[in-house]
Each structure stands twice: as C-alpha cells, then as structure tokens.
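Q: Let me give you the structure first, and then I'll get to my questions.
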Amino acid sequence: MKMIDKFDVKYWNECITQIDNASSVSLFPHIHADGDALGSVFALAVALRKKDKAVKVFLCDSPEEALGFLVPGSQWGIDVIVLDATDSDDLSLYTENPSDLAIGIDCAGPDRMDNCYAVYKMSPNKIKIDHHVENPGCAFGDSNFVYDGWAATGEAVWLLLNAMGIEIDYEIAIRLYTALLTDTGRFVYSNVTPLTFYIASQLISVTGSDITWISRQVYDVKPKRMIKLLSAVYSKIEYFENGRIAYVYVPDKMFKDAGALLEDTNALSSIMRDIEDVEVSIFVRDGKHGALAEDDKTLPALKASMRSCDKCNVAAVASAFGGGGHVRAAGLSFAGEEPVLKEKLLAEVRKQLNG
Ligand SMILES: [Mn+2]
C-alpha cells in the first residue's frame, strides 16, 4: 500500500540531508493559512529550533485569531515575518539574504505563496511538502515530498519528524493535531485514512485531554464583535423563490460599526444555506476596505460567496461573472453597485434552480 511506503524513513532521506546541511531554514505556508498550513509550519519550526537551526516563517497575512495559539511564543526564537506586498524594502531585505533552505508547506502552487514566493525562490535549496497534487505547477521545489493520500500536510510533517528521530513533544503535538483536525473536518471527510487515525492517536498520547481545548478554540469560541455583526446581519437576510434563496449584503460600514473582521463572516454562507427551505445562500460584501474595482475605478468592487444544497450549481452561477469554485461553494468579484449585482445574481441563480 502506497501509504505505508511513506512510513519508510528512506523516503525522507533527501529532505533530512537538506535540513542537516542548512544552518538557516525559512518556512512558507500558503496565503490565508489554515489550521493545516499554520499547524504544520509551526510544528516544523519548533522542531528545527530544537536542532539549533535559525528559523524564519514567512506569512502572507496575519493568522486568523482562532488559530493564533499555533504561533509559538517569542522564547522559541522563531522569526515570524508577515510580508506585506506593498513593503518593497522588506521584500528586498529578505530576497537579498535568503536562508540556506526554503520549505514550502501545504502550497498547491507558487501563486499560493503570494508575494512570499519572491523570497522562497531565492534560497539555494528549495523543498516542497504538500498533499495537493491536482495543480500542474505543484512540483515547484528542487525536491518535492507530495502525496495526495495524506489527509493533511501535518501527516507528512509527523512522518518527517519521525524519520528525523525528533521527539514529538507537547508543543509539536498540539500543532500537528490541529493540522489533522482542521483538514479532515474533525476527522469526518473522505480523506481520512488509517494513517490519519494512527498519527492522531500518537499525538493524543502527548496532548492528552487538551484536544478538547483545541477543538473549542478552533471551532466554538466566538469573539463578541462577531456576535454583534451577525446579529445585525441576520435581520437583513432576504428570501426569494419561496424561501429557496437567501440573500444578504453586508457593506463595509456594518463591519466597521461592529468592529468586526472579515474572518468573522467565514461561516455566514453556510449558516444561511442551513436555514430551512434554503437551497442557495448568497453573501455579498464590499471589496477590501470599500475599494473601487480594479478594472473600472469608477465602480465599487463587490465580492459574493455562494453555497448550495444539491439542487443548484453555484460554480456555473459564479462562472457567468468570471468567478469560480465548486458545485456547492463558489465565489466571484463584481464591479458595480450592489442592487445591480443582486438583480443579476438572482436571475442566474433562478436559471440554475429552475433549469
Ligand atoms: Mn492542507
């Protein structure tokens, strides 16, 4: 079985040699890093610090608050850099002084590293560890440790650390557990394998009952500002087609009034989709900070995200606007006023629903 091959420490030989030969290592998760990307990166960062490597972690944006516990404290001496594309001074500082080794983690393609890719590609040695292989440009490291049978990149990092003979201590275990937990939807997605549960069982033997705390932190704890925003949002939801379509527009001002962040609406589309009778949910918001459209500066930029049950292909709706996604979850950008987008979106959704 292919899965068992990856237990073979020889699979990781080249990776381990590269790490042994490097005195400085930079780690790169994908943009909008999720629990798997951040958990894997910081578990590996902690492990590399124990091997006395100088470790930098390049993030394209600040981690979501709920995942903030994955970022290790300053006592670890890990240099965490949030690299803003607009800050060219910082960018050149890091491109001109690359680490001996760069490791891309959980990044399907170079574009997933956003502006940090400029730093990644300057390192003399580049490794990629990942479980996405659907992307044609996915093998962009000099050495690639990529296998789509891993439910999470956290599984790969566990196997690597195991092959390196590094003890999986509490700090590493909580991060890898979070990686597995989040990329498997709490161990229920079809990507779960016996290996997933094997590794999880090993991790739980270290974390003990703190997995309850991790789950609460990641999935349950909600900031008050989110409740304030959502209470305003819920009262604005409109229904169409006998309640089969739920629609809401959340302008930038509503976020500001509640002191809320974009991440506070992460679950909004699915919550609306789960309202009784609803088959399609549509959540529209302003572009970043109420920005104007890039292709037409006279018009506001809007973003829409849609979720559906099984009766409407929202990817087809999104593609009519140049957007994309999956049958049940899709998104798009639009240049224009909200009432215009609303009318067009409802027309497209009705076509899909009734067609
Ligand atoms: Mn992943």
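Identifiers for the structure tokens are assigned positionally: chains receive A, B, ... in sequence, residues are indexed from 1 per chain, and ligands are indexed from 1 in the order shown.
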For region 244-259 of chain A, find every residue with an atom within 9 Å (counting only C-alpha atoms), except residues of its own chain fewer than 4 positions away, and show them as a PyMOL selection string.
A: chain A and resi 225-229+232-234+236-240+272-273+275-290+304+338+342+346+349-350+353
Q: If you run DSSP over the backbone, which residues in region 53-300 of chain A end up strand (DSSP E)? Put them as a PyMOL selection string.
A: chain A and resi 54-59+79-82+101-105+125-130+143-146+238-240+245-250+280-286
Q: Using only C-alpha atoms and all ligand atoms, what are the residues with an atom within 8 Å of ligand 1, set out as a list of chain:residue names?
A: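 Residues lying within 8 Å of ligand 1: A:Asp34, A:Gly35, A:Asp36, A:Ala37, A:Asp106, A:Asp130, A:His131, A:His132, A:Ala151, A:Ala152, A:Thr153, A:Gly154, A:Ala179, A:Asp183.
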Q: Skip Ala329 (chain A) itself and residues of its chain fewer than 5 positions away, then list as a list in words all residues within 10 Å of it, counting only C-alpha atoms.
A: Ser269, Ser270, Val280, Ser281, Ser305, Met306, Arg307, Ser308, Cys309, Asn313, Val314, Ala315, Ala318 and Gly324 of chain A
Q: Select, from A:Gln75, A:Gln217, A:Ser99, A:Thr265, the residue with the minimum atom-to-atom distance to Lys56 (chain A), counting only C-alpha atoms.
A: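 Ranking A:Gln75, A:Gln217, A:Ser99, A:Thr265 by distance to Lys56 (chain A), first place goes to A:Ser99.
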Q: Would you return as number ranges by chain the members of region 180-251 of chain A that DSSP assigns to alpha helix (DSSP H) on this structure's backbone?
A: A: 180-183, 194-207, 210-215, 224-234
Q: Could you write those residues out with N, CA and C atoms, as a compact mmCIF listing (two decimals), in the first residue's frame?
A:
# COMPACT_ATOMS: atom_id res chain seq x y z
N LEU A 180 -4.28 18.09 11.51
CA LEU A 180 -5.11 16.94 11.13
C LEU A 180 -6.59 17.22 11.37
N LEU A 181 -6.88 17.80 12.52
CA LEU A 181 -8.27 18.09 12.89
C LEU A 181 -8.97 18.95 11.85
N THR A 182 -8.29 20.04 11.45
CA THR A 182 -8.95 21.02 10.58
C THR A 182 -9.04 20.55 9.13
N ASP A 183 -8.00 19.86 8.62
CA ASP A 183 -8.06 19.44 7.22
C ASP A 183 -8.95 18.22 7.01
N PRO A 194 -6.51 5.19 7.67
CA PRO A 194 -5.98 4.58 8.90
C PRO A 194 -4.74 5.32 9.40
N LEU A 195 -3.92 5.85 8.45
CA LEU A 195 -2.73 6.61 8.87
C LEU A 195 -3.12 7.85 9.66
N THR A 196 -4.19 8.52 9.22
CA THR A 196 -4.65 9.72 9.92
C THR A 196 -4.94 9.39 11.38
N PHE A 197 -5.69 8.30 11.59
CA PHE A 197 -6.05 7.93 12.96
C PHE A 197 -4.84 7.41 13.73
N TYR A 198 -3.93 6.76 13.01
CA TYR A 198 -2.71 6.29 13.69
C TYR A 198 -1.92 7.49 14.24
N ILE A 199 -1.70 8.47 13.34
CA ILE A 199 -0.92 9.65 13.76
C ILE A 199 -1.68 10.41 14.85
N ALA A 200 -2.99 10.56 14.67
CA ALA A 200 -3.79 11.26 15.69
C ALA A 200 -3.66 10.56 17.03
N SER A 201 -3.66 9.24 17.02
CA SER A 201 -3.57 8.50 18.29
C SER A 201 -2.21 8.75 18.96
N GLN A 202 -1.16 8.84 18.13
CA GLN A 202 0.17 9.13 18.67
C GLN A 202 0.22 10.54 19.26
N LEU A 203 -0.43 11.47 18.57
CA LEU A 203 -0.42 12.86 19.04
C LEU A 203 -1.22 13.01 20.33
N ILE A 204 -2.37 12.33 20.39
CA ILE A 204 -3.21 12.42 21.57
C ILE A 204 -2.51 11.82 22.79
N SER A 205 -1.64 10.87 22.56
CA SER A 205 -0.90 10.30 23.69
C SER A 205 0.01 11.35 24.32
N VAL A 206 0.30 12.42 23.57
CA VAL A 206 1.12 13.52 24.10
C VAL A 206 0.26 14.68 24.60
N THR A 207 -0.78 15.03 23.82
CA THR A 207 -1.60 16.20 24.19
C THR A 207 -2.55 15.91 25.35
N ASP A 210 -6.13 17.90 26.25
CA ASP A 210 -6.11 19.25 25.69
C ASP A 210 -6.70 19.30 24.28
N ILE A 211 -6.97 18.15 23.68
CA ILE A 211 -7.64 18.18 22.36
C ILE A 211 -9.03 18.81 22.48
N THR A 212 -9.64 18.72 23.64
CA THR A 212 -10.95 19.35 23.86
C THR A 212 -10.82 20.86 23.78
N TRP A 213 -9.75 21.36 24.40
CA TRP A 213 -9.48 22.80 24.38
C TRP A 213 -9.19 23.26 22.95
N ILE A 214 -8.40 22.47 22.22
CA ILE A 214 -8.05 22.84 20.83
C ILE A 214 -9.33 22.94 19.99
N SER A 215 -10.19 21.95 20.11
CA SER A 215 -11.42 21.94 19.32
C SER A 215 -12.30 23.15 19.66
N LYS A 224 -16.89 38.61 20.64
CA LYS A 224 -18.13 39.37 20.83
C LYS A 224 -18.46 40.22 19.61
N ARG A 225 -17.41 40.75 18.97
CA ARG A 225 -17.63 41.60 17.78
C ARG A 225 -18.33 40.80 16.68
N MET A 226 -18.04 39.48 16.62
CA MET A 226 -18.68 38.64 15.60
C MET A 226 -20.17 38.51 15.89
N ILE A 227 -20.51 38.32 17.16
CA ILE A 227 -21.92 38.21 17.54
C ILE A 227 -22.65 39.52 17.22
N LYS A 228 -21.96 40.64 17.50
CA LYS A 228 -22.55 41.96 17.22
C LYS A 228 -22.81 42.11 15.73
N LEU A 229 -21.85 41.73 14.90
CA LEU A 229 -22.02 41.84 13.46
C LEU A 229 -23.14 40.92 12.98
N LEU A 230 -23.08 39.64 13.39
CA LEU A 230 -24.04 38.68 12.88
C LEU A 230 -25.47 39.00 13.31
N SER A 231 -25.63 39.58 14.50
CA SER A 231 -26.99 39.92 14.93
C SER A 231 -27.57 41.00 14.01
N ALA A 232 -26.72 41.89 13.52
CA ALA A 232 -27.18 42.90 12.56
C ALA A 232 -27.42 42.27 11.19
N VAL A 233 -26.53 41.33 10.83
CA VAL A 233 -26.62 40.69 9.51
C VAL A 233 -27.89 39.84 9.39
N TYR A 234 -28.18 39.04 10.41
CA TYR A 234 -29.32 38.11 10.34
C TYR A 234 -30.63 38.85 10.05
Q: Using only C-alpha atoms for the distances, tell me which of A:Lys126, A:His32, A:Arg49, A:Lys351 is nearest to Gln18 (chain A).
A: A:Lys126
Q: Neighbours of region 157-174 of chain A within 7 Å (only C-alpha atoms; same-chain residues fewer than 5 positions away dropped), as a list in words?
A: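 Using only C-alpha atoms, the neighbours found are Phe7, Val9, Trp12, Ile16, Ser40, Ala43, Leu44, Val46, Leu203, Val206 and Thr207 of chain A.
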Q: Write out, as a compact mmCIF listing (two decimals), in the first residue's frame, the residues just selected, with N, CA and C atoms.
A:
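Ended up saving to again32.txt:
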# COMPACT_ATOMS: atom_id res chain seq x y z
N PHE A 7 5.96 5.57 5.44
CA PHE A 7 6.49 5.27 6.77
C PHE A 7 7.98 4.95 6.70
N VAL A 9 11.56 5.44 6.42
CA VAL A 9 12.38 6.63 6.69
C VAL A 9 13.22 7.02 5.48
N TRP A 12 12.35 9.96 3.23
CA TRP A 12 12.67 11.31 3.67
C TRP A 12 14.16 11.63 3.64
N ILE A 16 15.94 15.12 4.76
CA ILE A 16 16.70 15.19 6.02
C ILE A 16 18.13 15.69 5.75
N SER A 40 1.28 22.82 10.61
CA SER A 40 2.43 22.11 10.04
C SER A 40 3.68 22.97 10.09
N ALA A 43 4.84 23.54 13.79
CA ALA A 43 5.35 22.30 14.38
C ALA A 43 6.77 22.05 13.86
N LEU A 44 6.94 22.23 12.55
CA LEU A 44 8.26 22.03 11.95
C LEU A 44 9.24 23.10 12.44
N VAL A 46 9.27 24.63 15.36
CA VAL A 46 9.68 24.28 16.72
C VAL A 46 10.72 23.15 16.68
N LEU A 203 -0.43 11.47 18.57
CA LEU A 203 -0.42 12.86 19.04
C LEU A 203 -1.22 13.01 20.33
N VAL A 206 0.30 12.42 23.57
CA VAL A 206 1.12 13.52 24.10
C VAL A 206 0.26 14.68 24.60
N THR A 207 -0.78 15.03 23.82
CA THR A 207 -1.60 16.20 24.19
C THR A 207 -2.55 15.91 25.35
Q: Which one of A:Asp52, A:Asp114, A:Asp310, A:Asp100 sits closest to Pro29 (chain A) if you count only C-alpha atoms?
A: A:Asp114
Q: Taking only C-alpha atoms into account, which of A:Ala260, A:Lys121, A:Leu176, A:Val327 comes nearest Pro98 (chain A)?
A: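 When distances to Pro98 (chain A) are compared using only C-alpha atoms, the smallest one comes from A:Lys121.
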Q: Counting only C-alpha atoms, which residue out of A:Gly77, A:Gly149, A:Gly141, A:Gly322 sits closest to Tyr120 (chain A)?
A: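 The closest residue to Tyr120 (chain A) is A:Gly141.
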Q: What's the 12 Å shell around Asp111 (chain A), counting only C-alpha atoms, without same-chain residues fewer than 3 positions away, as JSON, numbers by chain?
A: {"A": [28, 29, 30, 31, 60, 104, 107, 108, 114, 115, 116, 117, 118, 120, 121, 135, 137, 138, 140]}
Q: Mind dumping the selected residues with N, CA and C atoms as a PDB file, in the first residue's frame?
A:
ATOM      1  N   PHE A  28       7.363  28.388   4.509  1.00  0.00           N
ATOM      2  CA  PHE A  28       6.359  29.166   3.777  1.00  0.00           C
ATOM      3  C   PHE A  28       5.030  28.413   3.698  1.00  0.00           C
ATOM      4  N   PRO A  29       4.025  28.806   4.484  1.00  0.00           N
ATOM      5  CA  PRO A  29       2.682  28.239   4.296  1.00  0.00           C
ATOM      6  C   PRO A  29       1.954  29.029   3.200  1.00  0.00           C
ATOM      7  N   HIS A  30       0.740  28.604   2.859  1.00  0.00           N
ATOM      8  CA  HIS A  30       0.002  29.334   1.831  1.00  0.00           C
ATOM      9  C   HIS A  30      -0.687  30.574   2.403  1.00  0.00           C
ATOM     10  N   ILE A  31      -1.106  31.446   1.482  1.00  0.00           N
ATOM     11  CA  ILE A  31      -1.813  32.677   1.858  1.00  0.00           C
ATOM     12  C   ILE A  31      -3.103  32.299   2.594  1.00  0.00           C
ATOM     13  N   CYS A  60       1.877  35.390   4.483  1.00  0.00           N
ATOM     14  CA  CYS A  60       1.385  36.410   3.535  1.00  0.00           C
ATOM     15  C   CYS A  60       0.410  37.354   4.225  1.00  0.00           C
ATOM     16  N   GLY A 104       8.434  25.010   1.325  1.00  0.00           N
ATOM     17  CA  GLY A 104       7.035  25.385   1.069  1.00  0.00           C
ATOM     18  C   GLY A 104       6.136  24.323   1.680  1.00  0.00           C
ATOM     19  N   CYS A 107       1.316  24.246   0.022  1.00  0.00           N
ATOM     20  CA  CYS A 107       1.075  25.203  -1.060  1.00  0.00           C
ATOM     21  C   CYS A 107       0.901  24.455  -2.376  1.00  0.00           C
ATOM     22  N   ALA A 108      -0.302  24.493  -2.946  1.00  0.00           N
ATOM     23  CA  ALA A 108      -0.554  23.752  -4.191  1.00  0.00           C
ATOM     24  C   ALA A 108       0.314  24.281  -5.335  1.00  0.00           C
ATOM     25  N   ASP A 114       1.797  33.738  -2.699  1.00  0.00           N
ATOM     26  CA  ASP A 114       1.623  35.165  -2.945  1.00  0.00           C
ATOM     27  C   ASP A 114       2.984  35.857  -3.066  1.00  0.00           C
ATOM     28  N   ASN A 115       3.154  37.018  -2.455  1.00  0.00           N
ATOM     29  CA  ASN A 115       4.401  37.763  -2.603  1.00  0.00           C
ATOM     30  C   ASN A 115       5.587  37.084  -1.915  1.00  0.00           C
ATOM     31  N   CYS A 116       5.322  36.163  -0.983  1.00  0.00           N
ATOM     32  CA  CYS A 116       6.417  35.461  -0.302  1.00  0.00           C
ATOM     33  C   CYS A 116       7.183  34.546  -1.253  1.00  0.00           C
ATOM     34  N   TYR A 117       6.575  34.196  -2.397  1.00  0.00           N
ATOM     35  CA  TYR A 117       7.270  33.320  -3.351  1.00  0.00           C
ATOM     36  C   TYR A 117       8.573  33.965  -3.829  1.00  0.00           C
ATOM     37  N   ALA A 118       8.587  35.309  -3.919  1.00  0.00           N
ATOM     38  CA  ALA A 118       9.803  36.023  -4.336  1.00  0.00           C
ATOM     39  C   ALA A 118      10.958  35.716  -3.388  1.00  0.00           C
ATOM     40  N   TYR A 120      11.000  32.848  -1.299  1.00  0.00           N
ATOM     41  CA  TYR A 120      11.184  31.387  -1.388  1.00  0.00           C
ATOM     42  C   TYR A 120      12.143  31.024  -2.511  1.00  0.00           C
ATOM     43  N   LYS A 121      11.906  31.618  -3.698  1.00  0.00           N
ATOM     44  CA  LYS A 121      12.666  31.177  -4.876  1.00  0.00           C
ATOM     45  C   LYS A 121      14.136  31.592  -4.822  1.00  0.00           C
ATOM     46  N   ASN A 135      -2.649  20.392  -8.961  1.00  0.00           N
ATOM     47  CA  ASN A 135      -2.142  21.567  -9.656  1.00  0.00           C
ATOM     48  C   ASN A 135      -0.956  21.194 -10.552  1.00  0.00           C
ATOM     49  N   GLY A 137       1.453  22.911 -11.666  1.00  0.00           N
ATOM     50  CA  GLY A 137       2.718  23.517 -11.232  1.00  0.00           C
ATOM     51  C   GLY A 137       3.085  23.130  -9.808  1.00  0.00           C
ATOM     52  N   CYS A 138       2.550  21.986  -9.351  1.00  0.00           N
ATOM     53  CA  CYS A 138       2.668  21.690  -7.923  1.00  0.00           C
ATOM     54  C   CYS A 138       4.085  21.282  -7.506  1.00  0.00           C
ATOM     55  N   PHE A 140       7.147  22.506  -7.485  1.00  0.00           N
ATOM     56  CA  PHE A 140       7.996  23.671  -7.721  1.00  0.00           C
ATOM     57  C   PHE A 140       9.201  23.746  -6.795  1.00  0.00           C
TER      58      PHE A 140
END
Q: What does the distance between CA of Ser209 (chain A) and CA of Ala66 (chain A) come to in Å, to one decimal place?
A: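 According to the coordinates, CA of Ser209 (chain A) and CA of Ala66 (chain A) are separated by 19.0 Å.
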Q: Nearest to Asn13 (chain A): which of A:Asp89, A:Phe145, A:Val119, A:Ala47 is it, counting only C-alpha atoms?
A: A:Phe145
Q: Between CA of Ser74 (chain A) and CA of Leu48 (chain A), what distance in Å does the model show, to one decimal?
A: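 Between these atoms lies a distance of 14.9 Å.
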